[in-house]
Amino acid sequence: MITVDFSPLFPWSLLIVLAVLSMILLGYGILRRARGIAWRSAALTGLLLALTNPVAIEKDRDARPDILAVVVDESTSQNIGNRATVSAQALAYIEKSVPNLRNIELRVIRAGVSDAARGPVDGTRLFKSLERATADVPQTRMAGTIFITDGQVHDVPTSGADSPLAGPVHVLLTGKRKEFDRRIIIQSVPKYGIVDKEIELTIRIEDTQTPTGNVPVSIIQDGGPPKLMSVPIGRDHVVKVTLGHAGTNILQMEVQGVPGELTPINNRAVVSINGVRERLRVLLVSGEPHPGERVWRNLLKADPSVDLVHFTILRPPEKQDMTPVRELSLIAFPIRELFEVKLNDFDLIIFDRYRRRGVLPSIYIDNVARYVENGGAILEAGGPEFASNETLYQSPLGRILPGEPTGVVMTGGLRAKLTETGQRHSVTADLPGAGIGEELPRWGKWFRQVEVIRRGGRTLMTGTSGKPILIVNRVQKGRVAQLTSDQIWLWARGLGGGGPHAELLRKLAHWLMKEPELEENALRAHLEGNKLAITRRSVDPDKSPVEVTTPSGITTSVTLSPGIGGRARALIPVAETGIYKVTDRNRTALAAVGNLNPLEFSDMRTTGERFRKLSNATRGGIIWMEDGAPDLRRVKPERASAGRDWLGLLDNQNFTVKSVREVPLLPGLVVLLLALGTLLMAWCAEG
């Protein structure tokens, strides 16, 4: 290509001044009708042109192809019906058509699939992938962008000014116009609630085909049995539920599907509510004052979530010391109030060195046994009294206690040691100083232990001659723990280095009160970074794999690696948001990752409305593939770039210059000859 340019020998301002002076002189000559003025004009004009130094420039240009970006949506919603097939057909059509268009390069970008390396992403995000794939393309080379999608994209710029690329934005919709769907929407839900008290959440059922009427909705709490209720369509409905335990409570709600609907995947919704206990009520009954009594009291009073009721029997009925009544305690032991009227209000009852002295009649002790069988909890901390004729084992409580006394009290220095079961049980597995793998633990010594024969439950710690010192058991719906030494207070005093008395007693009490975190056989799952951590705790070794179900319904088998403390663990990458379900033969765990009700599932109907503003701002088009594939054309940037059945791709005519050659149009010798010739002719005309 050849163009003309100027490279003046003097500044343009000086040349303009010379041109003005020349015009004044020539104008004066014309007014005077001087002879030879035409030749003088030609000479001056030639000289001025020579000073501007006109140059012919020849450029060797290399045309650069324009870039057409085709973004293929491969999100979960694209797997509904035959959308994936339509997407493949649309892409094949574009790949076939592009070679017939001049000077254009095709870039196919597959996006919308969750990337486990980057972590789960909520919703369909296509524009980030588009930006990364075209970061090296100048905007002057963009012919346009075509999205092959169902339109449910959640990062669409709101206007053309926010678009990361130049050129028209076209959309090929893969679904159908008359799709209908039923879905459940969570309108409001509390972040936390009080355990064993009702909370309210609001849901709404939307149905694009049947806008009125009632439909059944099932509610599943923490994987338990479903509860059915009738919910109106198109109106907010309040659901009341009771949280069963502290910590995370997961509620799954599912509405009955309708034949022919688009997908049942958004017929269910999940919410996570944190349960908190209002207060834990503990009844501590001490049979007599002793050094360990203060350990129990200090431990329970230090816990702000515990309401403690403590009674110590200072004067048993057989004690006759002639003390005046007015000098006795002002508060009588409220036996009926505690062991009949309000017994079920307590979460835990502790008998601390209690002996049968007639203070507590057998009928009330039987109430305690039935309280445990119905779901309550007791801890029996025995001393020498448990081996005597006044032992609680000879009361109705004996039927639920796991250890039977032999009548022998063993004395002498002993170190409590964890059994193999104790090394795996949640109460004792992580106690510091346990010395697992060593001959003896690094705890201080105790000096008294009641010999018992284990009749049930699991022995977690042993003492002299391997005899049980801590036994735990489940009795029907309740739980029981038995401590056969009254000298744990020596750990609190630091004798021989002390021991983890506070941690042991706290864990034991909370296990008895059924805290979920202390379940000895449990399956748990939670998010760590962008991976799902699966942990199974079991008292007995368990090598069976677990099944993991993703929010989109894909199930995989995962083998857990054994660890310490009865735990087996695995980390798996996650790429979806929502609820992951982990199951083994006996238990189920639910883990919430990101948004429990993903944007991807909120509305899965095909729509072009999300792209409408962007497409209009960039002069693009939105076409339904069910109407047929559109014609692809190259258009000038100033022309329309979309029609009813065609899509335009900009012809930017972009190029690179390979080489440049300059040739002067007025060489110096030619200018000199012309100037002399015209001046000579002017002189001749004047003469």
# chains A, B, ... in the order shown; residues from 1 in each chain; ligands from 1
$ residues_around --residues "region 77-80 of chain A" --least-positions-apart "4" --cutoff "9 Å" --atoms "only C-alpha atoms" --output "number ranges by chain"
A: 73, 84-85, 87, 124, 149-150, 152, 174-175, 262-263, 600-601, 604-605
$ residues_around --residues "region 199-204 of chain A" --least-positions-apart "6" --cutoff "10 Å" --atoms "only C-alpha atoms" --output "PyMOL selection string"
chain A and resi 183-190+192-193+231-243+253+269+271+273
$ select_by_dssp --residues "region 199-323 of chain A" --states "helix (DSSP H, G or I)" --output "number ranges by chain"
A: 265-267, 293-302
$ write_last_selection --atoms "N, CA and C atoms" --output "mmCIF file, in the first residue's frame"
data_model
loop_
_atom_site.group_PDB
_atom_site.id
_atom_site.type_symbol
_atom_site.label_atom_id
_atom_site.label_comp_id
_atom_site.auth_asym_id
_atom_site.auth_seq_id
_atom_site.Cartn_x
_atom_site.Cartn_y
_atom_site.Cartn_z
ATOM 1 N N ILE A 265 -34.425 -31.356 40.832
ATOM 2 C CA ILE A 265 -33.274 -31.055 41.680
ATOM 3 C C ILE A 265 -33.508 -29.845 42.567
ATOM 4 N N ASN A 266 -34.351 -28.887 42.114
ATOM 5 C CA ASN A 266 -34.638 -27.718 42.956
ATOM 6 C C ASN A 266 -35.960 -27.868 43.704
ATOM 7 N N ASN A 267 -36.442 -29.123 43.804
ATOM 8 C CA ASN A 267 -37.628 -29.389 44.628
ATOM 9 C C ASN A 267 -37.268 -29.521 46.099
ATOM 10 N N GLU A 293 -14.949 -33.383 97.087
ATOM 11 C CA GLU A 293 -16.226 -32.702 96.864
ATOM 12 C C GLU A 293 -16.024 -31.344 96.204
ATOM 13 N N ARG A 294 -14.977 -30.613 96.637
ATOM 14 C CA ARG A 294 -14.723 -29.282 96.080
ATOM 15 C C ARG A 294 -14.312 -29.351 94.602
ATOM 16 N N VAL A 295 -13.643 -30.443 94.215
ATOM 17 C CA VAL A 295 -13.255 -30.605 92.804
ATOM 18 C C VAL A 295 -14.492 -30.636 91.920
ATOM 19 N N TRP A 296 -15.489 -31.431 92.330
ATOM 20 C CA TRP A 296 -16.728 -31.500 91.556
ATOM 21 C C TRP A 296 -17.406 -30.125 91.497
ATOM 22 N N ARG A 297 -17.499 -29.491 92.644
ATOM 23 C CA ARG A 297 -18.208 -28.212 92.700
ATOM 24 C C ARG A 297 -17.499 -27.146 91.856
ATOM 25 N N ASN A 298 -16.162 -27.046 91.999
ATOM 26 C CA ASN A 298 -15.420 -26.041 91.233
ATOM 27 C C ASN A 298 -15.537 -26.279 89.733
ATOM 28 N N LEU A 299 -15.484 -27.545 89.336
ATOM 29 C CA LEU A 299 -15.565 -27.869 87.907
ATOM 30 C C LEU A 299 -16.911 -27.465 87.325
ATOM 31 N N LEU A 300 -17.985 -27.817 88.017
ATOM 32 C CA LEU A 300 -19.318 -27.557 87.476
ATOM 33 C C LEU A 300 -19.701 -26.088 87.580
ATOM 34 N N LYS A 301 -19.249 -25.407 88.626
ATOM 35 C CA LYS A 301 -19.568 -23.983 88.763
ATOM 36 C C LYS A 301 -18.783 -23.134 87.766
ATOM 37 N N ALA A 302 -17.632 -23.652 87.316
ATOM 38 C CA ALA A 302 -16.816 -22.886 86.371
ATOM 39 C C ALA A 302 -17.401 -22.884 84.972
#
$ atom_distance --atom1 "CA of Met513 (chain A)" --atom2 "CA of Asn344 (chain A)"
12.8 Å
$ closest_atom_pairs --of "region 412-499 of chain A" --to "region 520-528 of chain A" --cutoff "8 Å" --atoms "only C-alpha atoms" --output "CSV"
residue,atom,partner,partner_atom,distance
A:Arg424,CA,A:Glu520,CA,7.9
A:His425,CA,A:Glu520,CA,5.3
A:Ser426,CA,A:Glu520,CA,5.0
A:Val427,CA,A:Glu520,CA,7.7
$ residues_around --residues "region 404-412 of chain A" --least-positions-apart "3" --cutoff "6 Å" --atoms "only C-alpha atoms" --output "PyMOL selection string"
chain A and resi 387+447-453
$ residues_around --residues "Arg619 (chain A)" --least-positions-apart "3" --cutoff "12 Å" --atoms "only C-alpha atoms" --output "PyMOL selection string"
chain A and resi 144-145+159-160+166-171+611-616+622+635+637-643+647-650
$ atom_distance --atom1 "CA of Glu254 (chain A)" --atom2 "CA of Thr210 (chain A)"
17.2 Å
$ closest_residue --among "A:Thr607, A:Asp303, A:Asp155, A:Ile554" --to "Ala502 (chain A)" --atoms "only C-alpha atoms"
A:Asp303
$ select_by_dssp --residues "region 481-640 of chain A" --states "strand (DSSP E)" --output "ChimeraX atom specification"
/A:481-483,522-528,531-537,546-549,555-558,561-562,567-573,578-583,588-593,622-624,631-635
$ atom_distance --atom1 "CA of Leu676 (chain A)" --atom2 "CA of Leu48 (chain A)"
14.2 Å
$ residues_around --residues "Leu51 (chain A)" --least-positions-apart "2" --cutoff "8 Å" --atoms "only C-alpha atoms" --output "list of chain:residue names"
A:Pro8, A:Leu9, A:Phe10, A:Leu15, A:Leu47, A:Leu48, A:Leu49, A:Asn53
$ write_last_selection --atoms "C-alpha atoms" --output "PDB file, in the first residue's frame"
ATOM      1  CA  PRO A   8       9.261  19.411   6.006  1.00  0.00           C
ATOM      2  CA  LEU A   9      12.808  20.762   5.934  1.00  0.00           C
ATOM      3  CA  PHE A  10      11.794  23.656   8.194  1.00  0.00           C
ATOM      4  CA  LEU A  15       6.800  27.567   5.993  1.00  0.00           C
ATOM      5  CA  LEU A  47      10.033  26.026  -4.005  1.00  0.00           C
ATOM      6  CA  LEU A  48       7.454  25.895  -1.185  1.00  0.00           C
ATOM      7  CA  LEU A  49       6.440  22.341  -2.135  1.00  0.00           C
ATOM      8  CA  ASN A  53       9.485  17.519   1.237  1.00  0.00           C
TER       9      ASN A  53
END
$ residues_around --residues "Leu414 (chain A)" --least-positions-apart "2" --cutoff "7 Å" --atoms "only C-alpha atoms" --output "compact mmCIF listing (two decimals) with all heavy atoms, in the first residue's frame"
# COMPACT_ATOMS: atom_id res chain seq x y z
N GLY A 412 -2.88 -48.44 98.20
CA GLY A 412 -1.52 -48.41 97.70
C GLY A 412 -1.46 -47.57 96.43
O GLY A 412 -2.47 -47.28 95.78
N ALA A 416 -3.79 -44.71 87.07
CA ALA A 416 -4.87 -45.02 86.14
C ALA A 416 -4.31 -45.09 84.73
O ALA A 416 -3.54 -44.23 84.30
CB ALA A 416 -5.95 -43.96 86.23
N LYS A 445 -0.18 -40.41 91.06
CA LYS A 445 -0.76 -41.64 91.60
C LYS A 445 -2.02 -41.36 92.42
O LYS A 445 -2.20 -40.28 92.98
CB LYS A 445 0.26 -42.36 92.50
CG LYS A 445 1.43 -42.95 91.74
CD LYS A 445 2.34 -43.71 92.70
CE LYS A 445 3.50 -44.36 91.96
NZ LYS A 445 4.39 -45.12 92.88
N TRP A 446 -2.91 -42.36 92.45
CA TRP A 446 -4.00 -42.43 93.40
C TRP A 446 -3.68 -43.54 94.41
O TRP A 446 -2.79 -44.38 94.16
CB TRP A 446 -5.33 -42.74 92.70
CG TRP A 446 -5.74 -41.68 91.70
CD1 TRP A 446 -5.21 -40.45 91.55
CD2 TRP A 446 -6.78 -41.79 90.73
NE1 TRP A 446 -5.84 -39.77 90.53
CE2 TRP A 446 -6.82 -40.57 90.00
CE3 TRP A 446 -7.69 -42.78 90.38
CZ2 TRP A 446 -7.71 -40.32 88.98
CZ3 TRP A 446 -8.59 -42.55 89.35
CH2 TRP A 446 -8.60 -41.32 88.66
N PHE A 447 -4.42 -43.57 95.51
CA PHE A 447 -4.06 -44.52 96.57
C PHE A 447 -5.24 -45.37 97.06
O PHE A 447 -5.13 -46.04 98.08
CB PHE A 447 -3.44 -43.76 97.75
CG PHE A 447 -2.17 -43.05 97.38
CD1 PHE A 447 -2.19 -41.72 96.98
CD2 PHE A 447 -0.96 -43.72 97.40
CE1 PHE A 447 -1.03 -41.07 96.62
CE2 PHE A 447 0.21 -43.08 97.05
CZ PHE A 447 0.19 -41.74 96.64
N GLY A 463 -6.92 -49.67 86.93
CA GLY A 463 -6.00 -49.31 88.00
C GLY A 463 -5.20 -50.51 88.45
O GLY A 463 -4.56 -51.19 87.65
N THR A 464 -5.27 -50.84 89.75
CA THR A 464 -4.52 -51.94 90.32
C THR A 464 -4.93 -53.27 89.70
O THR A 464 -6.12 -53.58 89.57
CB THR A 464 -4.76 -51.99 91.84
OG1 THR A 464 -4.37 -50.74 92.41
CG2 THR A 464 -3.94 -53.11 92.48
